Amino acid sequence: MHRTSFLHPARWARTIVLTGVVVLGLASIVASGGGSGGFVAGDCPPGDNCSAPPAQASVQVNPPFTTALVGTSVTWTAATANLAGNVTYQWSRSSDGGATFADIPGATGQTLTLAAVNLADDGATFRVSVGASLRAAGHLVVSASPGVVFQDGEFAAADWVTTPFANADSPAPQHTEQTLITGGDPGAYRRMVTTIAPQSGSGRVTSVSLASTYDPATQGAVNVIDYAEDGIALQSSAVMGTYSAMLLEQSGRQYIATARDPLDLLTTHWSAVSSRSSLRAQDFSLIAGPACGAAESCPDFSATAASMRFGYWRDVVGTQGDAIAHGIDNWKVTVWRR
């Protein structure tokens, strides 16, 4: 059983701003830094904050999570920032969940490629060490059989059910959806408008694909799930934004994939969501439906589990009465079986 508390994205963002906390995922480790910003008194450009500390050096492995079919190629790249001078790389591998690592001979470049993964690579962690102190890791899941794919880039109205979401601090918003044949990434896309209800600062809706049913009892136990979408904020400002996440529906409960990674804040141009590969049951947060019992798995990925359907969840933040438009294209869920 997995339970997690859900922090509203607007409050999460305010927490970051007010406390100065840097939140990092498993795939990104930031080295400590210090020193001055490089300006002397009276030398600061107008409008700049020259008393702020310099940006810290960092490294991230892209993609941080990867699911691959046996025999296919996988490549990771070390993305660095704020590094000076010569940069050295050393890739290493762990087969025990990151407890110990062994250097990979000759793997001293910015990228690491496995030409043909096999089942012995399933569950392995590949770490890059940059210089003396920076490290980050990528995680690999390998499947012996192809994934079961559900996808939609046309968004026929009859294929989707969208429901406003309400809770104690967020009344249900009004909402509209329409499919436009141009303007997507590329071609058709689904345009949504969510109107924030009175006495509220956000509006949430769930959208479920009626054509995306997966039945573990007949199709096999779920190992991991990959999720992808392209999203766009058609209206955005300093006090207005749209967040997106994958939705999973099972046994009268709804979950979103936020327990491992933070919510995606959509930008004003089409862009892919952050890495949502290799999602396990514990990577989902319950947002609606009855609480999970002590003996339940929530969600349940086993071969005796109830069928599940997939979709996406959107949360707009702003002020009451705001009608905030946003879009989605290239929605895709891949179920990888055990």
# chains A, B, ... in the order shown; residues from 1 in each chain; ligands from 1

$ residues_around --residues "His139 in chain A" --least-positions-apart "4" --cutoff "12 Å" --atoms "only C-alpha atoms" --output "MDAnalysis selection string"
chainID A and resid 26:27 61:68 74:76 93:98 121:128 275:279

$ residues_around --residues "range 291-304 of chain A" --least-positions-apart "3" --cutoff "12 Å" --atoms "only C-alpha atoms" --output "compact mmCIF listing (two decimals) with all heavy atoms, in the first residue's frame"
# COMPACT_ATOMS: atom_id res chain seq x y z
N MET A 1 0.85 -1.20 0.00
CA MET A 1 0.00 0.00 0.00
C MET A 1 0.88 1.23 0.00
O MET A 1 1.89 1.27 0.69
CB MET A 1 -0.89 -0.01 1.24
CG MET A 1 -1.78 1.23 1.36
SD MET A 1 -2.76 1.22 2.87
CE MET A 1 -1.47 1.44 4.07
N HIS A 2 0.45 2.25 -0.74
CA HIS A 2 1.22 3.49 -0.78
C HIS A 2 0.29 4.66 -0.52
O HIS A 2 -0.74 4.79 -1.12
CB HIS A 2 1.88 3.67 -2.15
CG HIS A 2 2.63 4.96 -2.25
ND1 HIS A 2 3.85 5.15 -1.64
CD2 HIS A 2 2.32 6.12 -2.85
CE1 HIS A 2 4.26 6.38 -1.88
NE2 HIS A 2 3.34 6.98 -2.61
N ARG A 3 0.68 5.49 0.41
CA ARG A 3 -0.09 6.70 0.69
C ARG A 3 0.86 7.88 0.63
O ARG A 3 2.01 7.80 1.04
CB ARG A 3 -0.73 6.63 2.08
CG ARG A 3 -1.84 5.58 2.17
CD ARG A 3 -2.36 5.48 3.59
NE ARG A 3 -3.41 4.48 3.67
CZ ARG A 3 -3.85 3.96 4.82
NH1 ARG A 3 -3.31 4.33 5.96
NH2 ARG A 3 -4.80 3.07 4.83
N THR A 4 0.35 8.98 0.15
CA THR A 4 1.18 10.17 0.10
C THR A 4 0.30 11.39 0.24
O THR A 4 -0.86 11.39 -0.17
CB THR A 4 1.97 10.24 -1.23
OG1 THR A 4 2.82 11.38 -1.20
CG2 THR A 4 1.05 10.35 -2.43
N TYR A 214 -7.04 -1.34 -19.69
CA TYR A 214 -6.08 -2.43 -19.57
C TYR A 214 -6.53 -3.35 -18.44
O TYR A 214 -6.79 -2.89 -17.32
CB TYR A 214 -4.67 -1.90 -19.28
CG TYR A 214 -3.64 -3.01 -19.23
CD1 TYR A 214 -3.02 -3.46 -20.39
CD2 TYR A 214 -3.31 -3.62 -18.02
CE1 TYR A 214 -2.09 -4.50 -20.35
CE2 TYR A 214 -2.38 -4.66 -17.98
CZ TYR A 214 -1.77 -5.09 -19.15
OH TYR A 214 -0.87 -6.12 -19.10
N ASP A 215 -6.61 -4.66 -18.73
CA ASP A 215 -7.09 -5.64 -17.76
C ASP A 215 -5.94 -6.58 -17.37
O ASP A 215 -5.58 -7.47 -18.14
CB ASP A 215 -8.24 -6.45 -18.36
CG ASP A 215 -8.85 -7.42 -17.36
OD1 ASP A 215 -8.47 -7.38 -16.16
OD2 ASP A 215 -9.69 -8.24 -17.76
N PRO A 216 -5.34 -6.40 -16.19
CA PRO A 216 -4.22 -7.26 -15.79
C PRO A 216 -4.59 -8.74 -15.73
O PRO A 216 -3.74 -9.61 -15.96
CB PRO A 216 -3.85 -6.73 -14.39
CG PRO A 216 -4.33 -5.31 -14.39
CD PRO A 216 -5.59 -5.33 -15.21
N ALA A 217 -5.87 -9.04 -15.42
CA ALA A 217 -6.28 -10.45 -15.29
C ALA A 217 -6.18 -11.20 -16.61
O ALA A 217 -5.92 -12.41 -16.64
CB ALA A 217 -7.70 -10.53 -14.74
N THR A 218 -6.39 -10.52 -17.72
CA THR A 218 -6.32 -11.17 -19.03
C THR A 218 -5.09 -10.77 -19.84
O THR A 218 -4.65 -11.53 -20.72
CB THR A 218 -7.57 -10.83 -19.87
OG1 THR A 218 -7.66 -9.42 -20.04
CG2 THR A 218 -8.82 -11.34 -19.16
N GLN A 219 -4.51 -9.60 -19.55
CA GLN A 219 -3.38 -9.12 -20.34
C GLN A 219 -2.04 -9.25 -19.61
O GLN A 219 -1.00 -9.06 -20.22
CB GLN A 219 -3.61 -7.66 -20.76
CG GLN A 219 -4.79 -7.49 -21.70
CD GLN A 219 -5.08 -6.04 -22.01
OE1 GLN A 219 -5.83 -5.37 -21.28
NE2 GLN A 219 -4.51 -5.52 -23.09
N GLY A 220 -2.08 -9.53 -18.32
CA GLY A 220 -0.85 -9.73 -17.57
C GLY A 220 -0.60 -8.64 -16.55
O GLY A 220 -1.06 -7.50 -16.68
N ALA A 221 0.14 -9.01 -15.50
CA ALA A 221 0.50 -8.06 -14.45
C ALA A 221 1.31 -6.90 -15.03
O ALA A 221 2.08 -7.08 -15.99
CB ALA A 221 1.29 -8.76 -13.36
N VAL A 222 1.13 -5.73 -14.46
CA VAL A 222 1.84 -4.54 -14.92
C VAL A 222 3.19 -4.47 -14.20
O VAL A 222 3.27 -4.60 -12.98
CB VAL A 222 1.01 -3.27 -14.64
CG1 VAL A 222 1.80 -2.03 -15.05
CG2 VAL A 222 -0.32 -3.34 -15.37
N ASN A 223 4.22 -4.23 -14.97
CA ASN A 223 5.54 -3.98 -14.38
C ASN A 223 5.71 -2.49 -14.14
O ASN A 223 5.77 -2.03 -13.01
CB ASN A 223 6.65 -4.53 -15.29
CG ASN A 223 8.02 -4.42 -14.67
OD1 ASN A 223 8.16 -4.15 -13.47
ND2 ASN A 223 9.05 -4.65 -15.46
N VAL A 224 5.78 -1.72 -15.23
CA VAL A 224 5.87 -0.26 -15.13
C VAL A 224 5.02 0.35 -16.24
O VAL A 224 4.60 -0.33 -17.17
CB VAL A 224 7.33 0.24 -15.26
CG1 VAL A 224 8.17 -0.23 -14.09
CG2 VAL A 224 7.94 -0.19 -16.59
N ILE A 225 4.79 1.66 -16.13
CA ILE A 225 4.02 2.41 -17.12
C ILE A 225 4.83 3.62 -17.56
O ILE A 225 5.42 4.31 -16.73
CB ILE A 225 2.66 2.87 -16.54
CG1 ILE A 225 1.80 1.65 -16.19
CG2 ILE A 225 1.93 3.78 -17.52
CD1 ILE A 225 0.51 2.02 -15.46
N LEU A 247 -3.14 10.49 -15.34
CA LEU A 247 -4.22 9.99 -14.50
C LEU A 247 -4.39 8.49 -14.70
O LEU A 247 -4.33 8.00 -15.82
CB LEU A 247 -5.53 10.71 -14.86
CG LEU A 247 -6.78 10.26 -14.09
CD1 LEU A 247 -6.78 10.89 -12.70
CD2 LEU A 247 -8.04 10.63 -14.84
N LEU A 248 -4.58 7.77 -13.60
CA LEU A 248 -4.89 6.35 -13.63
C LEU A 248 -6.16 6.13 -12.82
O LEU A 248 -6.26 6.62 -11.69
CB LEU A 248 -3.73 5.53 -13.07
CG LEU A 248 -3.82 4.00 -13.14
CD1 LEU A 248 -2.41 3.40 -13.11
CD2 LEU A 248 -4.63 3.38 -12.01
N GLU A 249 -7.13 5.39 -13.38
CA GLU A 249 -8.41 5.14 -12.72
C GLU A 249 -8.58 3.62 -12.53
O GLU A 249 -8.42 2.84 -13.47
CB GLU A 249 -9.54 5.69 -13.58
CG GLU A 249 -10.91 5.64 -12.95
CD GLU A 249 -11.95 6.31 -13.82
OE1 GLU A 249 -12.35 5.70 -14.84
OE2 GLU A 249 -12.33 7.46 -13.53
N GLN A 250 -8.89 3.22 -11.29
CA GLN A 250 -9.04 1.79 -10.99
C GLN A 250 -9.91 1.62 -9.74
O GLN A 250 -9.69 2.29 -8.73
CB GLN A 250 -7.67 1.15 -10.75
CG GLN A 250 -7.71 -0.36 -10.51
CD GLN A 250 -6.34 -0.91 -10.19
OE1 GLN A 250 -5.62 -0.38 -9.33
NE2 GLN A 250 -5.95 -1.98 -10.88
N SER A 251 -10.91 0.74 -9.83
CA SER A 251 -11.76 0.37 -8.68
C SER A 251 -12.36 1.59 -7.98
O SER A 251 -12.39 1.66 -6.75
CB SER A 251 -10.95 -0.46 -7.68
OG SER A 251 -10.48 -1.64 -8.27
N GLY A 252 -12.85 2.54 -8.76
CA GLY A 252 -13.49 3.71 -8.19
C GLY A 252 -12.55 4.73 -7.58
O GLY A 252 -12.99 5.67 -6.92
N ARG A 253 -11.26 4.57 -7.82
CA ARG A 253 -10.27 5.52 -7.31
C ARG A 253 -9.52 6.14 -8.48
O ARG A 253 -9.37 5.54 -9.54
CB ARG A 253 -9.26 4.82 -6.39
CG ARG A 253 -9.85 4.20 -5.14
CD ARG A 253 -8.73 3.61 -4.29
NE ARG A 253 -9.21 3.09 -3.02
CZ ARG A 253 -9.43 1.80 -2.76
NH1 ARG A 253 -9.19 0.90 -3.72
NH2 ARG A 253 -9.86 1.40 -1.59
N GLN A 254 -9.04 7.36 -8.27
CA GLN A 254 -8.23 8.04 -9.27
C GLN A 254 -6.89 8.42 -8.65
O GLN A 254 -6.82 8.87 -7.50
CB GLN A 254 -8.93 9.28 -9.81
CG GLN A 254 -10.15 8.95 -10.68
CD GLN A 254 -10.77 10.19 -11.31
OE1 GLN A 254 -10.81 11.25 -10.70
NE2 GLN A 254 -11.25 10.05 -12.53
N TYR A 255 -5.84 8.24 -9.45
CA TYR A 255 -4.48 8.52 -9.01
C TYR A 255 -3.80 9.40 -10.06
O TYR A 255 -4.12 9.32 -11.24
CB TYR A 255 -3.67 7.23 -8.87
CG TYR A 255 -4.31 6.14 -8.05
CD1 TYR A 255 -5.23 5.26 -8.64
CD2 TYR A 255 -3.98 5.96 -6.71
CE1 TYR A 255 -5.80 4.24 -7.89
CE2 TYR A 255 -4.56 4.93 -5.96
CZ TYR A 255 -5.46 4.08 -6.56
OH TYR A 255 -6.05 3.07 -5.83
N ILE A 256 -2.85 10.21 -9.61
CA ILE A 256 -2.01 10.95 -10.55
C ILE A 256 -0.54 10.62 -10.27
O ILE A 256 -0.16 10.30 -9.13
CB ILE A 256 -2.24 12.48 -10.51
CG1 ILE A 256 -2.08 13.03 -9.09
CG2 ILE A 256 -3.60 12.82 -11.08
CD1 ILE A 256 -2.19 14.55 -9.03
N ALA A 257 0.27 10.68 -11.31
CA ALA A 257 1.68 10.27 -11.21
C ALA A 257 2.53 11.43 -10.71
O ALA A 257 3.23 12.09 -11.49
CB ALA A 257 2.18 9.77 -12.56
N LEU A 279 7.14 4.18 -14.48
CA LEU A 279 6.32 4.48 -13.31
C LEU A 279 5.86 3.18 -12.66
O LEU A 279 5.29 2.31 -13.32
CB LEU A 279 5.11 5.32 -13.71
CG LEU A 279 5.40 6.73 -14.21
CD1 LEU A 279 4.16 7.32 -14.87
CD2 LEU A 279 5.87 7.62 -13.05
N ARG A 280 6.09 3.05 -11.36
CA ARG A 280 5.63 1.91 -10.59
C ARG A 280 4.41 2.32 -9.76
O ARG A 280 4.06 3.49 -9.69
CB ARG A 280 6.75 1.38 -9.71
CG ARG A 280 7.99 0.98 -10.51
CD ARG A 280 9.05 0.33 -9.64
NE ARG A 280 10.27 0.05 -10.40
CZ ARG A 280 10.47 -1.04 -11.11
NH1 ARG A 280 9.51 -1.98 -11.18
NH2 ARG A 280 11.61 -1.23 -11.77
N ALA A 281 3.78 1.33 -9.14
CA ALA A 281 2.57 1.63 -8.37
C ALA A 281 2.83 2.69 -7.31
O ALA A 281 1.98 3.56 -7.06
CB ALA A 281 2.03 0.35 -7.74
N GLN A 282 4.00 2.66 -6.68
CA GLN A 282 4.29 3.61 -5.61
C GLN A 282 4.54 5.03 -6.11
O GLN A 282 4.69 5.95 -5.32
CB GLN A 282 5.49 3.14 -4.79
CG GLN A 282 6.78 2.97 -5.57
CD GLN A 282 7.00 1.55 -6.03
OE1 GLN A 282 6.06 0.83 -6.33
NE2 GLN A 282 8.27 1.13 -6.07
N ASP A 283 4.59 5.20 -7.43
CA ASP A 283 4.80 6.54 -7.99
C ASP A 283 3.50 7.31 -8.21
O ASP A 283 3.52 8.43 -8.72
CB ASP A 283 5.55 6.43 -9.31
CG ASP A 283 6.95 5.85 -9.14
OD1 ASP A 283 7.58 6.18 -8.11
OD2 ASP A 283 7.39 5.08 -10.00
N PHE A 284 2.36 6.71 -7.81
CA PHE A 284 1.06 7.36 -7.98
C PHE A 284 0.50 7.81 -6.64
O PHE A 284 0.66 7.14 -5.62
CB PHE A 284 0.08 6.40 -8.66
CG PHE A 284 0.39 6.13 -10.10
CD1 PHE A 284 1.32 5.16 -10.47
CD2 PHE A 284 -0.23 6.87 -11.10
CE1 PHE A 284 1.63 4.92 -11.79
CE2 PHE A 284 0.06 6.64 -12.44
CZ PHE A 284 0.99 5.67 -12.78
N SER A 285 -0.21 8.96 -6.67
CA SER A 285 -0.85 9.52 -5.49
C SER A 285 -2.36 9.45 -5.63
O SER A 285 -2.91 9.84 -6.68
CB SER A 285 -0.44 10.99 -5.31
OG SER A 285 0.96 11.14 -5.31
N LEU A 286 -3.04 8.97 -4.61
CA LEU A 286 -4.51 8.90 -4.62
C LEU A 286 -5.09 10.31 -4.50
O LEU A 286 -4.75 11.06 -3.59
CB LEU A 286 -4.98 8.03 -3.46
CG LEU A 286 -6.49 7.91 -3.27
CD1 LEU A 286 -7.13 7.17 -4.43
CD2 LEU A 286 -6.80 7.20 -1.94
N ILE A 287 -6.00 10.67 -5.43
CA ILE A 287 -6.61 12.00 -5.36
C ILE A 287 -8.12 11.94 -5.20
O ILE A 287 -8.75 12.93 -4.82
CB ILE A 287 -6.27 12.85 -6.61
CG1 ILE A 287 -6.80 12.19 -7.89
CG2 ILE A 287 -4.79 13.13 -6.68
CD1 ILE A 287 -6.79 13.10 -9.10
N ALA A 288 -8.74 10.79 -5.51
CA ALA A 288 -10.20 10.69 -5.41
C ALA A 288 -10.59 9.25 -5.19
O ALA A 288 -9.93 8.33 -5.66
CB ALA A 288 -10.87 11.24 -6.67
N SER A 307 -9.40 -3.99 -13.71
CA SER A 307 -8.99 -3.27 -14.90
C SER A 307 -8.75 -1.81 -14.58
O SER A 307 -9.29 -1.26 -13.61
CB SER A 307 -10.04 -3.42 -16.00
OG SER A 307 -11.26 -2.84 -15.59
N MET A 308 -7.95 -1.16 -15.40
CA MET A 308 -7.62 0.24 -15.19
C MET A 308 -7.80 1.01 -16.50
O MET A 308 -7.71 0.45 -17.59
CB MET A 308 -6.19 0.39 -14.66
CG MET A 308 -5.13 -0.28 -15.50
SD MET A 308 -3.45 -0.22 -14.75
CE MET A 308 -3.62 -1.36 -13.38
N ARG A 309 -8.07 2.29 -16.34
CA ARG A 309 -8.14 3.19 -17.49
C ARG A 309 -7.22 4.37 -17.22
O ARG A 309 -6.87 4.67 -16.07
CB ARG A 309 -9.57 3.67 -17.73
CG ARG A 309 -10.50 2.59 -18.23
CD ARG A 309 -11.79 3.14 -18.82
NE ARG A 309 -12.54 3.94 -17.87
CZ ARG A 309 -13.77 4.40 -18.10
NH1 ARG A 309 -14.36 4.15 -19.26
NH2 ARG A 309 -14.41 5.11 -17.20
N VAL A 335 1.95 0.47 -21.34
CA VAL A 335 1.96 -0.47 -20.22
C VAL A 335 2.95 -1.58 -20.53
O VAL A 335 2.82 -2.30 -21.52
CB VAL A 335 0.55 -1.06 -19.98
CG1 VAL A 335 0.58 -2.06 -18.82
CG2 VAL A 335 -0.46 0.06 -19.70
N TRP A 336 3.94 -1.73 -19.66
CA TRP A 336 4.95 -2.78 -19.80
C TRP A 336 4.62 -3.89 -18.81
O TRP A 336 4.44 -3.65 -17.62
CB TRP A 336 6.35 -2.24 -19.53
CG TRP A 336 6.76 -1.18 -20.50
CD1 TRP A 336 6.57 0.16 -20.38
CD2 TRP A 336 7.43 -1.37 -21.74
NE1 TRP A 336 7.08 0.82 -21.47
CE2 TRP A 336 7.63 -0.09 -22.32
CE3 TRP A 336 7.92 -2.49 -22.42
CZ2 TRP A 336 8.26 0.08 -23.54
CZ3 TRP A 336 8.56 -2.33 -23.62
CH2 TRP A 336 8.73 -1.04 -24.19
N ARG A 337 4.55 -5.12 -19.32
CA ARG A 337 4.10 -6.25 -18.50
C ARG A 337 5.27 -7.01 -17.87
O ARG A 337 6.40 -6.95 -18.36
CB ARG A 337 3.27 -7.21 -19.37
CG ARG A 337 1.98 -6.59 -19.85
CD ARG A 337 1.40 -7.32 -21.03
NE ARG A 337 2.19 -7.08 -22.25
CZ ARG A 337 1.85 -7.56 -23.44
NH1 ARG A 337 0.74 -8.26 -23.58
NH2 ARG A 337 2.61 -7.31 -24.49
N ARG A 338 4.95 -7.71 -16.81
CA ARG A 338 5.96 -8.57 -16.16
C ARG A 338 6.22 -9.81 -16.99
O ARG A 338 5.34 -10.28 -17.68
CB ARG A 338 5.49 -8.96 -14.75
CG ARG A 338 5.47 -7.79 -13.79
CD ARG A 338 5.33 -8.28 -12.36
NE ARG A 338 5.33 -7.15 -11.43
CZ ARG A 338 6.40 -6.52 -11.00
NH1 ARG A 338 7.59 -6.91 -11.40
NH2 ARG A 338 6.31 -5.51 -10.17

$ closest_residue --among "A:Thr72, A:Thr100, A:Thr111, A:Ser143" --to "Thr88 in chain A" --atoms "only C-alpha atoms"
A:Thr111

$ select_by_dssp --residues "range 104-308 of chain A" --states "alpha helix (DSSP H)" --output "list in words"
Pro216, Ala217, Thr218 and Gln219 of chain A

$ write_last_selection --atoms "C-alpha atoms" --output "mmCIF file, in the first residue's frame"
data_model
loop_
_atom_site.group_PDB
_atom_site.id
_atom_site.type_symbol
_atom_site.label_atom_id
_atom_site.label_comp_id
_atom_site.auth_asym_id
_atom_site.auth_seq_id
_atom_site.Cartn_x
_atom_site.Cartn_y
_atom_site.Cartn_z
ATOM 1 C CA PRO A 216 -4.222 -7.265 -15.786
ATOM 2 C CA ALA A 217 -6.278 -10.446 -15.290
ATOM 3 C CA THR A 218 -6.320 -11.170 -19.034
ATOM 4 C CA GLN A 219 -3.379 -9.122 -20.341
#

$ closest_residue --among "A:Val316, A:Val205, A:Ala120, A:Ala272" --to "Asn330 in chain A" --atoms "only C-alpha atoms"
A:Ala272

$ closest_residue --among "A:Ala136, A:Leu210, A:Val70, A:Ile328" --to "Thr179 in chain A" --atoms "only C-alpha atoms"
A:Ile328

$ select_by_dssp --residues "range 100-220 of chain A" --states "strand (DSSP E or B)" --output "ChimeraX atom specification"
/A:102-103,111-114,125-130,134-143,148-152,160-165,167,170,174-180,189-195,202-209,214

$ residues_around --residues "range 171-174 of chain A" --least-positions-apart "2" --cutoff "8 Å" --atoms "only C-alpha atoms" --output "list in words"
Pro164, Phe165, Ala166, Asn167, Ala168, Asp169, Thr176, Thr194, Thr195, Ile196, Ala197, Pro198, Gln199, Ser200, Gly203, Arg204 and Val205 of chain A

$ closest_residue --among "A:Gly187, A:Gly131, A:Gly153, A:Gly71" --to "Ala115 in chain A" --atoms "only C-alpha atoms"
A:Gly71

$ atom_distance --atom1 "CA of Pro186 in chain A" --atom2 "CA of Val149 in chain A"
20.1 Å

$ atom_distance --atom1 "CA of Val130 in chain A" --atom2 "CA of Ala79 in chain A"
10.2 Å

$ atom_distance --atom1 "CA of Ser207 in chain A" --atom2 "CA of Gly321 in chain A"
21.5 Å

$ closest_residue --among "A:Gly289, A:Arg260, A:Trp91, A:Thr163" --to "Leu112 in chain A" --atoms "only C-alpha atoms"
A:Trp91

$ closest_residue --among "A:Gly201, A:Trp270, A:Ser170, A:Trp331" --to "Ala245 in chain A" --atoms "only C-alpha atoms"
A:Trp331
